[in-house]
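Coordinates from query.cif are shown below (mmCIF, C-alpha atoms).
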data_data
#
loop_
_atom_site.label_atom_id
_atom_site.label_comp_id
_atom_site.auth_asym_id
_atom_site.auth_seq_id
_atom_site.Cartn_x
_atom_site.Cartn_y
_atom_site.Cartn_z
CA MET A 257 1.89 46.77 -0.43
CA ALA A 258 1.31 47.86 -3.98
CA LYS A 259 -2.06 49.32 -4.79
CA VAL A 260 -4.15 47.81 -7.53
CA PRO A 261 -6.68 49.56 -9.77
CA VAL A 262 -10.31 48.50 -9.57
CA GLN A 263 -13.02 49.66 -11.91
CA PHE A 264 -16.66 48.71 -11.88
CA THR A 265 -20.16 50.09 -12.35
CA LEU A 266 -21.87 51.02 -9.10
CA ASN A 267 -25.58 51.74 -9.34
CA GLY A 268 -25.15 52.81 -12.95
CA SER A 269 -22.07 55.02 -12.43
CA GLU A 270 -18.54 54.12 -13.46
CA LYS A 271 -16.19 53.96 -10.48
CA ALA A 272 -12.42 53.65 -10.53
CA GLU A 273 -10.22 53.47 -7.44
CA PHE A 274 -6.83 52.28 -6.29
CA VAL A 275 -7.03 49.88 -3.37
CA GLU A 276 -4.53 47.76 -1.50
CA SER A 277 -4.41 44.22 -2.83
CA GLY A 278 -6.70 42.04 -0.76
CA THR A 279 -9.15 44.84 0.08
CA THR A 280 -12.69 43.57 0.42
CA LEU A 281 -15.43 45.04 -1.75
CA LEU A 282 -17.20 46.12 1.46
CA HIS A 283 -14.18 48.18 2.52
CA ALA A 284 -13.78 49.64 -0.97
CA LEU A 285 -17.45 50.63 -1.19
CA ARG A 286 -17.71 52.14 2.27
CA ASP A 287 -14.32 53.68 2.90
CA LYS A 288 -13.05 54.48 -0.60
CA ILE A 289 -16.15 55.21 -2.65
CA GLY A 290 -18.41 56.42 0.15
CA ASP A 291 -21.41 54.12 -0.35
CA THR A 292 -22.16 53.19 3.25
CA SER A 293 -25.36 51.29 2.50
CA PRO A 294 -23.72 47.84 2.76
CA LYS A 295 -22.99 47.26 6.47
CA GLY A 296 -20.08 45.45 8.03
CA GLY A 297 -21.64 43.08 10.54
CA CYS A 298 -19.86 39.80 11.16
CA HIS A 299 -17.26 39.87 8.34
CA GLN A 300 -17.71 36.09 8.37
CA GLY A 301 -20.45 35.51 5.82
CA THR A 302 -23.02 34.81 8.52
CA CYS A 303 -25.16 37.94 8.90
CA GLY A 304 -25.83 39.14 5.35
CA ALA A 305 -25.68 42.84 6.29
CA CYS A 306 -23.07 43.47 3.58
CA SER A 307 -25.13 41.86 0.79
CA VAL A 308 -24.85 43.53 -2.62
CA ILE A 309 -25.91 42.47 -6.11
CA ILE A 310 -23.01 41.68 -8.44
CA ASP A 311 -23.91 40.95 -12.07
CA GLY A 312 -27.44 40.09 -10.99
CA GLU A 313 -26.45 37.70 -8.19
CA LEU A 314 -26.64 38.28 -4.46
CA ARG A 315 -23.18 38.23 -2.90
CA LEU A 316 -21.48 39.14 0.32
CA SER A 317 -19.21 42.15 -0.12
CA CYS A 318 -17.27 41.33 3.07
CA LEU A 319 -15.99 38.07 1.54
CA THR A 320 -15.47 39.43 -1.99
CA LEU A 321 -12.15 41.00 -2.90
CA ALA A 322 -12.58 44.32 -4.71
CA GLU A 323 -10.03 43.44 -7.39
CA THR A 324 -12.09 40.40 -8.44
CA CYS A 325 -14.93 42.78 -9.35
CA ASN A 326 -13.21 44.53 -12.24
CA GLY A 327 -15.77 45.17 -14.94
CA ALA A 328 -18.67 44.02 -12.77
CA ASP A 329 -22.08 45.63 -12.45
CA ILE A 330 -22.66 46.23 -8.75
CA LYS A 331 -25.89 47.36 -7.17
CA THR A 332 -26.44 48.47 -3.59
CA THR A 333 -29.47 49.70 -1.67
CA ALA A 334 -28.15 53.26 -2.00
CA GLY A 335 -28.95 53.11 -5.72
CA LEU A 336 -32.56 51.99 -5.45
CA ALA A 337 -34.40 55.29 -5.02
CA GLU A 338 -35.10 57.14 -8.24
CA GLY A 339 -35.76 60.86 -8.54
CA GLY A 340 -36.43 61.22 -4.83
CA MET A 341 -38.91 58.35 -4.89
CA LEU A 342 -38.21 55.34 -2.73
CA HIS A 343 -38.13 51.90 -4.36
CA PRO A 344 -41.30 49.86 -3.63
CA LEU A 345 -39.25 47.60 -1.35
CA GLN A 346 -37.96 50.56 0.65
CA ARG A 347 -41.49 51.97 0.87
CA ALA A 348 -42.86 48.62 2.01
CA PHE A 349 -40.16 48.22 4.67
CA LEU A 350 -41.05 51.63 6.08
CA ASP A 351 -44.80 51.03 5.96
CA ALA A 352 -44.57 47.58 7.57
CA PHE A 353 -42.19 48.80 10.31
CA ALA A 354 -39.78 46.18 8.99
CA THR A 355 -36.80 48.27 9.97
CA GLN A 356 -36.04 48.98 13.59
CA CYS A 357 -32.35 49.61 14.23
CA GLY A 358 -31.94 49.44 10.45
CA PHE A 359 -28.57 47.72 10.39
CA CYS A 360 -29.74 44.61 8.53
CA THR A 361 -32.16 46.51 6.27
CA PRO A 362 -29.91 47.22 3.25
CA GLY A 363 -28.86 43.57 3.12
CA MET A 364 -32.44 42.39 3.51
CA ILE A 365 -33.56 44.69 0.71
CA MET A 366 -30.81 43.44 -1.62
CA ALA A 367 -31.79 39.82 -0.94
CA ALA A 368 -35.46 40.69 -1.50
CA LYS A 369 -34.70 42.59 -4.70
CA VAL A 370 -32.92 39.60 -6.24
CA LEU A 371 -35.93 37.47 -5.34
CA LEU A 372 -38.52 39.86 -6.79
CA ASP A 373 -36.47 40.41 -9.97
CA ARG A 374 -36.64 36.66 -10.63
CA MET A 375 -39.97 35.84 -9.04
CA PRO A 376 -42.48 38.72 -9.07
CA ASN A 377 -45.09 36.80 -7.07
CA PRO A 378 -43.22 34.79 -4.45
CA SER A 379 -44.87 32.66 -1.80
CA ARG A 380 -44.16 33.24 1.86
CA GLU A 381 -41.81 30.22 1.77
CA ASP A 382 -39.93 31.73 -1.16
CA VAL A 383 -39.44 34.94 0.82
CA VAL A 384 -38.25 33.09 3.92
CA GLU A 385 -35.81 31.10 1.80
CA ALA A 386 -34.53 34.21 0.01
CA LEU A 387 -33.90 36.01 3.32
CA SER A 388 -32.42 32.97 5.06
CA GLY A 389 -28.87 34.29 4.83
CA ASN A 390 -29.75 37.60 6.47
CA VAL A 391 -29.89 38.00 10.22
CA CYS A 392 -32.14 40.51 12.02
CA ARG A 393 -31.90 40.89 15.79
CA CYS A 394 -34.80 43.36 16.19
CA THR A 395 -37.93 42.51 14.30
CA GLY A 396 -38.41 38.79 14.65
CA TYR A 397 -38.51 38.71 10.83
CA GLU A 398 -42.29 38.73 10.46
CA PRO A 399 -42.59 42.44 9.47
CA ILE A 400 -39.75 41.94 6.97
CA ILE A 401 -41.47 38.98 5.34
CA GLN A 402 -44.72 40.96 5.18
CA ALA A 403 -42.92 43.95 3.66
CA VAL A 404 -41.44 41.85 0.86
CA LEU A 405 -44.83 40.27 0.14
CA THR A 406 -46.42 43.74 0.13
CA ALA A 407 -43.80 45.06 -2.28
CA ALA A 408 -44.41 42.08 -4.55
CA ARG A 409 -48.15 42.80 -4.57
CA ALA A 410 -47.50 46.49 -5.29
CA ASN A 411 -45.25 45.53 -8.20
CA SER A 412 -47.79 43.18 -9.74
CA GLN A 413 -50.56 45.76 -9.37
CA ASN A 414 -48.41 48.37 -11.11
CA ALA A 415 -47.67 45.91 -13.88
CA ALA A 416 -51.33 45.03 -14.35
CA MET B 1059 -3.66 43.57 7.00
CA SER B 1060 -3.24 43.12 3.31
CA LEU B 1061 -3.37 40.13 1.04
CA ALA B 1062 -1.54 39.91 -2.25
CA LEU B 1063 -3.86 38.36 -4.83
CA GLN B 1064 -2.30 36.71 -7.86
CA THR B 1065 -4.57 35.73 -10.75
CA PHE B 1066 -3.46 33.06 -13.20
CA SER B 1067 -5.04 31.83 -16.40
CA THR B 1068 -3.82 28.23 -15.97
CA VAL B 1069 -3.89 25.77 -13.09
CA LYS B 1070 -0.25 24.87 -13.75
CA ASP B 1071 0.97 28.40 -13.02
CA ALA B 1072 -1.25 28.63 -9.94
CA ASN B 1073 0.16 25.35 -8.62
CA SER B 1074 3.68 26.78 -8.79
CA ALA B 1075 2.63 29.94 -6.97
CA LEU B 1076 0.81 27.90 -4.28
CA GLN B 1077 4.08 26.35 -3.12
CA ALA B 1078 5.11 29.60 -1.39
CA SER B 1079 4.43 29.62 2.34
CA GLY B 1080 1.44 31.64 3.52
CA THR B 1081 -0.26 31.20 0.15
CA ARG B 1082 -3.82 29.92 -0.07
CA TYR B 1083 -6.14 29.32 -2.99
CA LEU B 1084 -9.05 31.74 -3.41
CA GLY B 1085 -12.24 30.10 -4.64
CA GLY B 1086 -15.45 31.82 -3.65
CA GLY B 1087 -13.79 33.48 -0.66
CA THR B 1088 -16.19 32.06 1.91
CA LEU B 1089 -13.39 30.22 3.73
CA VAL B 1090 -10.16 32.04 3.00
CA VAL B 1091 -11.36 35.66 3.05
CA ARG B 1092 -13.35 34.78 6.15
CA ALA B 1093 -10.13 33.49 7.74
CA ALA B 1094 -8.29 36.67 6.78
CA ASN B 1095 -11.13 38.83 8.15
CA GLU B 1096 -10.95 36.88 11.39
CA GLY B 1097 -7.26 37.76 11.74
CA ASP B 1098 -5.64 34.57 10.46
CA VAL B 1099 -2.16 35.92 9.84
CA SER B 1100 -1.02 32.64 8.31
CA VAL B 1101 -2.69 33.83 5.09
CA SER B 1102 -0.55 36.46 3.40
CA SER B 1103 -1.03 35.72 -0.25
CA LEU B 1104 -3.87 34.40 -2.38
CA VAL B 1105 -3.88 32.64 -5.71
CA ARG B 1106 -6.79 32.17 -8.08
CA VAL B 1107 -7.31 30.69 -11.52
CA THR B 1108 -9.64 31.96 -14.23
CA GLU B 1109 -9.40 28.85 -16.47
CA PRO B 1110 -12.94 28.35 -17.88
CA SER B 1111 -12.91 24.55 -17.47
CA LEU B 1112 -12.95 25.03 -13.69
CA SER B 1113 -16.44 26.53 -13.95
CA GLN B 1114 -17.99 23.86 -16.16
CA ILE B 1115 -20.42 21.05 -15.39
CA THR B 1116 -20.27 18.10 -17.79
CA ILE B 1117 -22.78 15.26 -17.72
CA SER B 1118 -22.21 12.28 -20.01
CA GLY B 1119 -22.63 8.53 -19.87
CA GLY B 1120 -24.27 8.64 -16.45
CA LYS B 1121 -21.32 10.49 -14.95
CA ALA B 1122 -21.01 14.04 -13.72
CA ARG B 1123 -17.86 16.11 -13.74
CA ILE B 1124 -18.13 19.35 -11.82
CA GLY B 1125 -15.37 21.95 -12.10
CA ALA B 1126 -13.90 23.06 -8.80
CA SER B 1127 -15.05 26.67 -9.26
CA VAL B 1128 -18.69 25.70 -9.85
CA THR B 1129 -20.85 27.27 -7.16
CA MET B 1130 -23.45 25.60 -4.97
CA ALA B 1131 -26.11 27.76 -6.68
CA ALA B 1132 -25.06 26.46 -10.12
CA ILE B 1133 -25.37 22.86 -8.92
CA ALA B 1134 -28.71 23.50 -7.23
CA ARG B 1135 -30.25 24.84 -10.44
CA HIS B 1136 -28.67 22.38 -12.91
CA PRO B 1137 -31.47 20.34 -14.52
CA GLU B 1138 -29.51 17.05 -14.50
CA LEU B 1139 -28.19 17.30 -10.95
CA GLY B 1140 -31.58 17.30 -9.24
CA MET B 1141 -30.74 14.31 -7.06
CA ILE B 1142 -27.85 16.10 -5.34
CA ALA B 1143 -29.43 19.56 -5.39
CA PRO B 1144 -30.68 19.19 -1.77
CA ALA B 1145 -27.05 18.89 -0.61
CA ALA B 1146 -26.06 22.01 -2.57
CA ARG B 1147 -29.07 23.92 -1.24
CA ALA B 1148 -28.12 22.90 2.30
CA VAL B 1149 -25.01 25.07 2.12
CA GLY B 1150 -25.35 28.60 3.57
CA GLY B 1151 -27.92 31.15 2.48
CA PRO B 1152 -28.52 32.38 -1.10
CA ALA B 1153 -25.52 34.75 -1.15
CA ILE B 1154 -23.13 32.09 0.17
CA ARG B 1155 -24.41 29.62 -2.42
CA ASN B 1156 -23.65 32.15 -5.17
CA MET B 1157 -20.03 32.26 -3.96
CA ALA B 1158 -19.12 28.94 -2.29
CA THR B 1159 -17.51 26.46 -4.68
CA VAL B 1160 -17.35 22.68 -4.90
CA GLY B 1161 -13.59 22.81 -4.56
CA GLY B 1162 -13.79 24.95 -1.44
CA ASN B 1163 -16.39 22.70 0.18
CA LEU B 1164 -13.86 19.84 0.10
CA PHE B 1165 -11.67 21.88 2.45
CA ALA B 1166 -14.41 23.23 4.72
CA PRO B 1167 -13.83 22.15 8.33
CA ALA B 1168 -16.77 20.86 10.41
CA PRO B 1169 -19.43 22.10 11.03
CA TYR B 1170 -19.21 23.21 7.37
CA GLY B 1171 -18.72 21.08 4.26
CA ASP B 1172 -22.18 19.56 3.86
CA PHE B 1173 -21.75 19.10 0.11
CA ALA B 1174 -18.51 17.17 0.63
CA VAL B 1175 -20.50 14.76 2.81
CA ALA B 1176 -22.72 14.06 -0.21
CA LEU B 1177 -19.66 13.62 -2.43
CA LEU B 1178 -18.19 11.12 0.04
CA ALA B 1179 -21.37 9.03 -0.04
CA LEU B 1180 -21.28 9.16 -3.85
CA ASP B 1181 -17.69 7.84 -3.86
CA ALA B 1182 -16.58 10.85 -5.89
CA SER B 1183 -13.14 11.25 -7.35
CA VAL B 1184 -11.16 14.45 -6.83
CA ALA B 1185 -9.03 15.70 -9.71
CA THR B 1186 -5.85 17.77 -9.61
CA GLU B 1187 -3.18 18.34 -12.26
CA ASP B 1188 -1.52 15.15 -11.01
CA GLY B 1189 -4.54 12.96 -11.74
CA GLU B 1190 -7.56 11.71 -9.84
CA MET B 1191 -7.88 10.17 -6.42
CA PRO B 1192 -10.78 8.77 -4.38
CA ILE B 1193 -12.39 11.41 -2.17
CA GLU B 1194 -11.50 9.46 0.97
CA THR B 1195 -7.81 9.64 0.10
CA PHE B 1196 -8.18 13.31 -0.72
CA LEU B 1197 -9.97 14.17 2.53
CA ALA B 1198 -7.39 12.31 4.61
CA GLY B 1199 -4.55 14.35 3.09
CA ARG B 1200 -6.26 17.67 2.50
CA ASP B 1201 -4.27 19.54 5.15
CA THR B 1202 -0.96 18.88 3.46
CA GLY B 1203 -1.93 18.81 -0.22
CA ARG B 1204 -0.62 21.78 -2.21
CA ALA B 1205 -2.26 21.17 -5.57
CA VAL B 1206 -5.26 23.07 -6.91
CA VAL B 1207 -8.34 20.84 -7.11
CA THR B 1208 -9.68 21.10 -10.65
CA ALA B 1209 -12.87 19.01 -10.53
CA VAL B 1210 -14.88 16.32 -8.81
CA GLY B 1211 -16.45 13.42 -10.67
CA PHE B 1212 -19.04 10.83 -9.71
CA SER B 1213 -21.59 8.45 -11.18
CA LEU B 1214 -25.04 9.96 -11.11
CA PRO B 1215 -27.07 8.01 -8.56
CA LYS B 1216 -30.27 6.38 -9.73
CA ALA B 1217 -33.47 7.89 -8.42
CA GLU B 1218 -34.35 6.76 -4.89
CA THR B 1219 -30.83 5.48 -4.15
CA PHE B 1220 -29.41 8.74 -2.80
CA ARG B 1221 -30.60 10.38 0.40
CA PHE B 1222 -29.36 13.50 2.17
CA LEU B 1223 -30.23 15.07 5.49
CA LYS B 1224 -28.90 18.14 7.22
CA VAL B 1225 -29.93 18.91 10.78
CA SER B 1226 -29.68 22.49 11.98
CA ARG B 1227 -31.29 24.45 14.77
CA VAL B 1228 -32.14 27.53 12.71
CA LYS B 1229 -34.75 27.08 9.98
CA PRO B 1230 -34.67 27.10 7.06
CA LYS B 1231 -30.89 27.57 6.97
CA GLY B 1232 -28.49 27.11 9.81
CA VAL B 1233 -25.11 25.63 10.57
CA SER B 1234 -25.07 21.84 10.80
CA VAL B 1235 -25.62 19.93 13.99
CA LEU B 1236 -24.84 17.08 11.64
CA SER B 1237 -25.39 16.01 8.07
CA ILE B 1238 -25.82 12.54 6.62
CA ALA B 1239 -25.70 11.30 3.03
CA ALA B 1240 -26.49 7.73 2.05
CA LEU B 1241 -26.24 5.82 -1.21
CA LEU B 1242 -28.28 2.63 -0.93
CA GLN B 1243 -28.63 -0.11 -3.54
CA ARG B 1244 -31.58 -2.40 -2.90
CA THR B 1245 -33.17 -5.48 -4.41
CA ALA B 1246 -36.70 -5.41 -5.78
CA ASP B 1247 -38.06 -6.54 -2.42
CA GLY B 1248 -36.22 -3.74 -0.64
CA ALA B 1249 -33.22 -5.52 0.92
CA VAL B 1250 -30.02 -3.45 1.00
CA THR B 1251 -27.28 -4.90 -1.21
CA ALA B 1252 -24.77 -2.06 -0.90
CA ALA B 1253 -24.62 0.97 1.38
CA ARG B 1254 -22.33 3.98 1.58
CA ILE B 1255 -23.11 6.35 4.41
CA ALA B 1256 -21.20 9.59 4.98
CA LEU B 1257 -21.41 11.76 8.09
CA GLY B 1258 -20.72 15.47 8.59
CA CYS B 1259 -19.69 16.98 11.97
CA MET B 1260 -18.74 13.54 13.28
CA ALA B 1261 -15.05 14.39 12.88
CA ASP B 1262 -13.19 17.48 11.65
CA ARG B 1263 -14.01 16.36 8.11
CA PRO B 1264 -16.60 14.06 6.48
CA ILE B 1265 -16.22 10.40 7.46
CA ARG B 1266 -17.97 7.15 6.59
CA ALA B 1267 -20.16 5.18 8.98
CA LYS B 1268 -18.57 1.89 7.96
CA ALA B 1269 -19.99 -0.21 10.79
CA ALA B 1270 -23.51 0.97 10.01
CA GLU B 1271 -22.97 0.35 6.28
CA LYS B 1272 -21.99 -3.25 7.03
CA ALA B 1273 -24.85 -3.81 9.46
CA LEU B 1274 -27.37 -2.62 6.86
CA LEU B 1275 -26.48 -5.28 4.31
CA GLY B 1276 -29.38 -7.63 3.70
CA CYS B 1277 -31.76 -5.49 5.77
CA LYS B 1278 -35.03 -4.03 4.67
CA LEU B 1279 -35.60 -0.43 5.73
CA THR B 1280 -37.92 -1.14 8.65
CA PRO B 1281 -37.45 0.05 12.25
CA GLU B 1282 -36.67 -3.49 13.42
CA GLU B 1283 -34.19 -4.40 10.71
CA ILE B 1284 -32.19 -1.13 10.77
CA ALA B 1285 -31.87 -1.17 14.58
CA PRO B 1286 -28.48 -2.97 14.56
CA ALA B 1287 -27.11 -0.41 12.07
CA LEU B 1288 -28.29 2.48 14.24
CA ALA B 1289 -26.72 0.86 17.28
CA VAL B 1290 -23.27 0.96 15.65
CA ALA B 1291 -23.71 4.30 13.82
CA GLY B 1292 -21.43 6.03 16.30
CA GLU B 1293 -18.54 3.62 15.92
CA GLY B 1294 -15.32 5.49 15.17
CA ILE B 1295 -16.80 8.97 15.39
CA THR B 1296 -15.15 11.91 17.15
CA PRO B 1297 -17.78 14.64 16.80
CA VAL B 1298 -16.82 18.30 16.97
CA THR B 1299 -17.84 20.54 19.84
CA ASP B 1300 -18.74 24.09 18.86
CA PRO B 1301 -21.39 26.72 19.68
CA ILE B 1302 -23.94 24.74 17.64
CA ALA B 1303 -23.71 21.50 19.64
CA SER B 1304 -21.42 19.52 21.89
CA ALA B 1305 -19.73 16.32 20.79
CA TRP B 1306 -21.89 14.44 23.31
CA TYR B 1307 -25.11 15.85 21.84
CA ARG B 1308 -24.07 15.11 18.28
CA ALA B 1309 -23.23 11.51 19.17
CA GLU B 1310 -26.55 11.11 21.00
CA VAL B 1311 -28.72 12.34 18.13
CA LEU B 1312 -26.81 10.69 15.28
CA PRO B 1313 -28.70 7.35 15.45
CA VAL B 1314 -32.03 9.20 15.68
CA HIS B 1315 -31.40 11.17 12.50
CA LEU B 1316 -29.82 8.27 10.65
CA GLY B 1317 -32.98 6.29 11.46
CA ARG B 1318 -35.17 9.07 10.09
CA LEU B 1319 -33.12 9.25 6.92
CA LEU B 1320 -33.29 5.50 6.36
CA LEU B 1321 -37.01 5.23 7.14
CA GLY B 1322 -38.00 8.47 5.39
#

Once you've parsed the file, please lay out its structure as structure tokens.
Amino acid sequence: MAKVPVQFTLNGSEKAEFVESGTTLLHALRDKIGDTSPKGGCHQGTCGACSVIIDGELRLSCLTLAETCNGADIKTTAGLAEGGMLHPLQRAFLDAFATQCGFCTPGMIMAAKVLLDRMPNPSREDVVEALSGNVCRCTGYEPIIQAVLTAARANSQNAA
Amino acid sequence: MSLALQTFSTVKDANSALQASGTRYLGGGTLVVRAANEGDVSVSSLVRVTEPSLSQITISGGKARIGASVTMAAIARHPELGMIAPAARAVGGPAIRNMATVGGNLFAPAPYGDFAVALLALDASVATEDGEMPIETFLAGRDTGRAVVTAVGFSLPKAETFRFLKVSRVKPKGVSVLSIAALLQRTADGAVTAARIALGCMADRPIRAKAAEKALLGCKLTPEEIAPALAVAGEGITPVTDPIASAWYRAEVLPVHLGRLLLG
């Protein structure tokens, strides 16, 4: 199978790789580029562990072919921390004990980031809706919801 | 496993490429890439089209035309499609809705395809390069059709005439136990003059509840008057059995949920 070139921006850095045609973005990110923050859970679009942000929209990297992302701006949880400082969402997840085994956490944080970018002060219902495509088998969701609400409050206090 | 992806700028070229065996159309990827990930070796090659018209929504003269590549998220947020937004929002979680397309939903096997249930109730037309056909004709032949769907079209329902319900075990978003869409025309005193009811999960693809539609004619939406329609709601259904629910369960709860939709 011929390899195809893919080129996109990942967390602000230009990336270029050759991948086999039909390679998923998840596979390209984890096994070619080395960003292991998106997780391969169900590979069926059910669990949300592979969620990434492509051109500002939440998408599932396990169902996205890498070659359809040419020229795209891709963000993953690995790119959130700046200068050794965790992103407010990461901080809030730690503080609220919203991460136990941690497998769903990067996907949860991506889904939450898209929400907070569009809606800085979401209601609890907004948070539940935003996370509804992400499955967690450890926490029972409540600490995750609280973490997102806490991060939203921290953001609005910083902005004030 | 590898998939050869071919990208075309026109539907015509994609239609030619789709004739090759093992070739499937790639929309949002939520069906076909999922199948490939699951080990479906019948998929060896994918075709997609980047023609801009496939991603456009046009509203004019009380009619909507939605390009086949339009996503559920785009429908849900469109200011003039508010009446069918609940059906678009019923599909998947936020990430799926950013990917899943109208065209793909027409091919989604039960328990998926909630938006196609709404389109069936709306008596939508399905367009390909060869022209348009009623959605019922399209759904009946969808397994053998080899032409790229380019758009769906329908008359925008008047407020209060269109109702949609999806029942799932997981809140707020889960896979369908069943879904129901109904388009009801009524007189000023509330009697039903025309009814189109579409059911999801009651066969391998959306079907109409024709017996219930007929029984509703002339009825007001009261528990007593809709009882005959509920009694025949299950006529002609062959519900799917899957990890979400058994066929028996789906058939048992169908009249309950149809009643709630009609009385709601």

Near chain B, 9 Å: chain A residue rows, closest pairs, all atoms listed in the file, as CSV:
residue,atom,partner,partner_atom,distance
A:Met257,CA,B:Ser1060,CA,7.3
A:Ala258,CA,B:Ala1062,CA,8.6
A:Glu276,CA,B:Ser1060,CA,6.8
A:Ser277,CA,B:Ala1062,CA,5.2
A:Gly278,CA,B:Leu1061,CA,4.2
A:Thr279,CA,B:Ser1060,CA,7.0
A:Thr280,CA,B:Val1091,CA,8.4
A:His299,CA,B:Asn1095,CA,6.2
A:Gln300,CA,B:Arg1092,CA,5.1
A:Gly301,CA,B:Thr1088,CA,6.7
A:Thr302,CA,B:Gly1150,CA,8.3
A:Gly304,CA,B:Ala1153,CA,7.8
A:Ser307,CA,B:Ala1153,CA,7.4
A:Val308,CA,B:Ala1153,CA,8.9
A:Glu313,CA,B:Asn1156,CA,6.9
A:Leu314,CA,B:Ala1153,CA,5.0
A:Arg315,CA,B:Ala1153,CA,4.5
A:Leu316,CA,B:Ala1153,CA,6.1
A:Cys318,CA,B:Val1091,CA,8.2
A:Leu319,CA,B:Val1091,CA,5.4
A:Thr320,CA,B:Gly1087,CA,6.3
A:Leu321,CA,B:Gly1087,CA,8.0
A:Glu323,CA,B:Leu1063,CA,8.4
A:Ala367,CA,B:Ala1153,CA,8.1
A:Val384,CA,B:Pro1230,CA,7.7
A:Glu385,CA,B:Pro1230,CA,6.7
A:Ala386,CA,B:Pro1152,CA,6.4
A:Leu387,CA,B:Gly1151,CA,7.8
A:Ser388,CA,B:Gly1151,CA,5.5
A:Gly389,CA,B:Gly1151,CA,4.0
A:Asn390,CA,B:Gly1151,CA,7.8

### Query
Between CA of Pro376 (chain A) and CA of Val404 (chain A), what is the distance, to one decimal in Å?
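Pair CA of Pro376 (chain A) / CA of Val404 (chain A) returns 10.5 Å.
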
CA of Ser1213 (chain B) to CA of Ala1179 (chain B) measures 11.2 Å

Since I can't run it myself right now, could you work out what the PyMOL selection byres ((chain A and resi 335-342) around 10) selects here and report it as a PyMOL selection string?
chain A and resi 266-269+291+293+330-334+343-348+350+365-366+369

Report as a PDB file with C-alpha atoms, keeping the file's coordinate frame the full result of the PyMOL selection byres ((chain B and resi 1183) around 12) when it is applied to this structure.
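Contents of the output file expr.pdb:
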ATOM      1  CA  LYS B1121     -21.320  10.490 -14.950  1.00  0.00           C
ATOM      2  CA  ALA B1122     -21.010  14.040 -13.720  1.00  0.00           C
ATOM      3  CA  ARG B1123     -17.860  16.110 -13.740  1.00  0.00           C
ATOM      4  CA  ILE B1124     -18.130  19.350 -11.820  1.00  0.00           C
ATOM      5  CA  GLY B1125     -15.370  21.950 -12.100  1.00  0.00           C
ATOM      6  CA  ALA B1126     -13.900  23.060  -8.800  1.00  0.00           C
ATOM      7  CA  GLY B1161     -13.590  22.810  -4.560  1.00  0.00           C
ATOM      8  CA  LEU B1164     -13.860  19.840   0.100  1.00  0.00           C
ATOM      9  CA  ALA B1174     -18.510  17.170   0.630  1.00  0.00           C
ATOM     10  CA  LEU B1177     -19.660  13.620  -2.430  1.00  0.00           C
ATOM     11  CA  LEU B1178     -18.190  11.120   0.040  1.00  0.00           C
ATOM     12  CA  ALA B1179     -21.370   9.030  -0.040  1.00  0.00           C
ATOM     13  CA  LEU B1180     -21.280   9.160  -3.850  1.00  0.00           C
ATOM     14  CA  ASP B1181     -17.690   7.840  -3.860  1.00  0.00           C
ATOM     15  CA  ALA B1182     -16.580  10.850  -5.890  1.00  0.00           C
ATOM     16  CA  VAL B1184     -11.160  14.450  -6.830  1.00  0.00           C
ATOM     17  CA  ALA B1185      -9.030  15.700  -9.710  1.00  0.00           C
ATOM     18  CA  THR B1186      -5.850  17.770  -9.610  1.00  0.00           C
ATOM     19  CA  GLY B1189      -4.540  12.960 -11.740  1.00  0.00           C
ATOM     20  CA  GLU B1190      -7.560  11.710  -9.840  1.00  0.00           C
ATOM     21  CA  MET B1191      -7.880  10.170  -6.420  1.00  0.00           C
ATOM     22  CA  PRO B1192     -10.780   8.770  -4.380  1.00  0.00           C
ATOM     23  CA  ILE B1193     -12.390  11.410  -2.170  1.00  0.00           C
ATOM     24  CA  GLU B1194     -11.500   9.460   0.970  1.00  0.00           C
ATOM     25  CA  THR B1195      -7.810   9.640   0.100  1.00  0.00           C
ATOM     26  CA  PHE B1196      -8.180  13.310  -0.720  1.00  0.00           C
ATOM     27  CA  LEU B1197      -9.970  14.170   2.530  1.00  0.00           C
ATOM     28  CA  VAL B1207      -8.340  20.840  -7.110  1.00  0.00           C
ATOM     29  CA  THR B1208      -9.680  21.100 -10.650  1.00  0.00           C
ATOM     30  CA  ALA B1209     -12.870  19.010 -10.530  1.00  0.00           C
ATOM     31  CA  VAL B1210     -14.880  16.320  -8.810  1.00  0.00           C
ATOM     32  CA  GLY B1211     -16.450  13.420 -10.670  1.00  0.00           C
ATOM     33  CA  PHE B1212     -19.040  10.830  -9.710  1.00  0.00           C
ATOM     34  CA  SER B1213     -21.590   8.450 -11.180  1.00  0.00           C
TER      35      SER B1213
END

Which one of B:Ala1261, B:Val1128, B:Met1141, B:Val1250 sits closest to Asn1163 (chain B) if you count only C-alpha atoms?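 Closest candidate: B:Val1128.
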
### Task
Could you tell me how far CA of Leu282 (chain A) lies from CA of Phe264 (chain A), in Å and to one decimal?
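CA of Phe264 (chain A) lies 13.6 Å from CA of Leu282 (chain A).
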
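Minimum distance to Thr361 (chain A) across A:Val260, A:Asn377, A:Ala305, A:Ala403 (counting all atoms listed in the file) occurs at A:Ala305.
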
The residue from B:Ala1132, B:Arg1254, B:Thr1280, B:Val1206 with the smallest atom-to-atom distance to Leu1076 (chain B), counting all atoms listed in the file, is B:Val1206

Find the spatial neighbours of Ile1265 (chain B), counting all atoms listed in the file, within a cut-off of 12 Å - ignore same-chain residues fewer than 2 positions away - and output them as a ChimeraX atom specification. /B:1168,1171-1172,1174-1179,1181,1193-1198,1236-1240,1254-1263,1267-1269,1291-1297
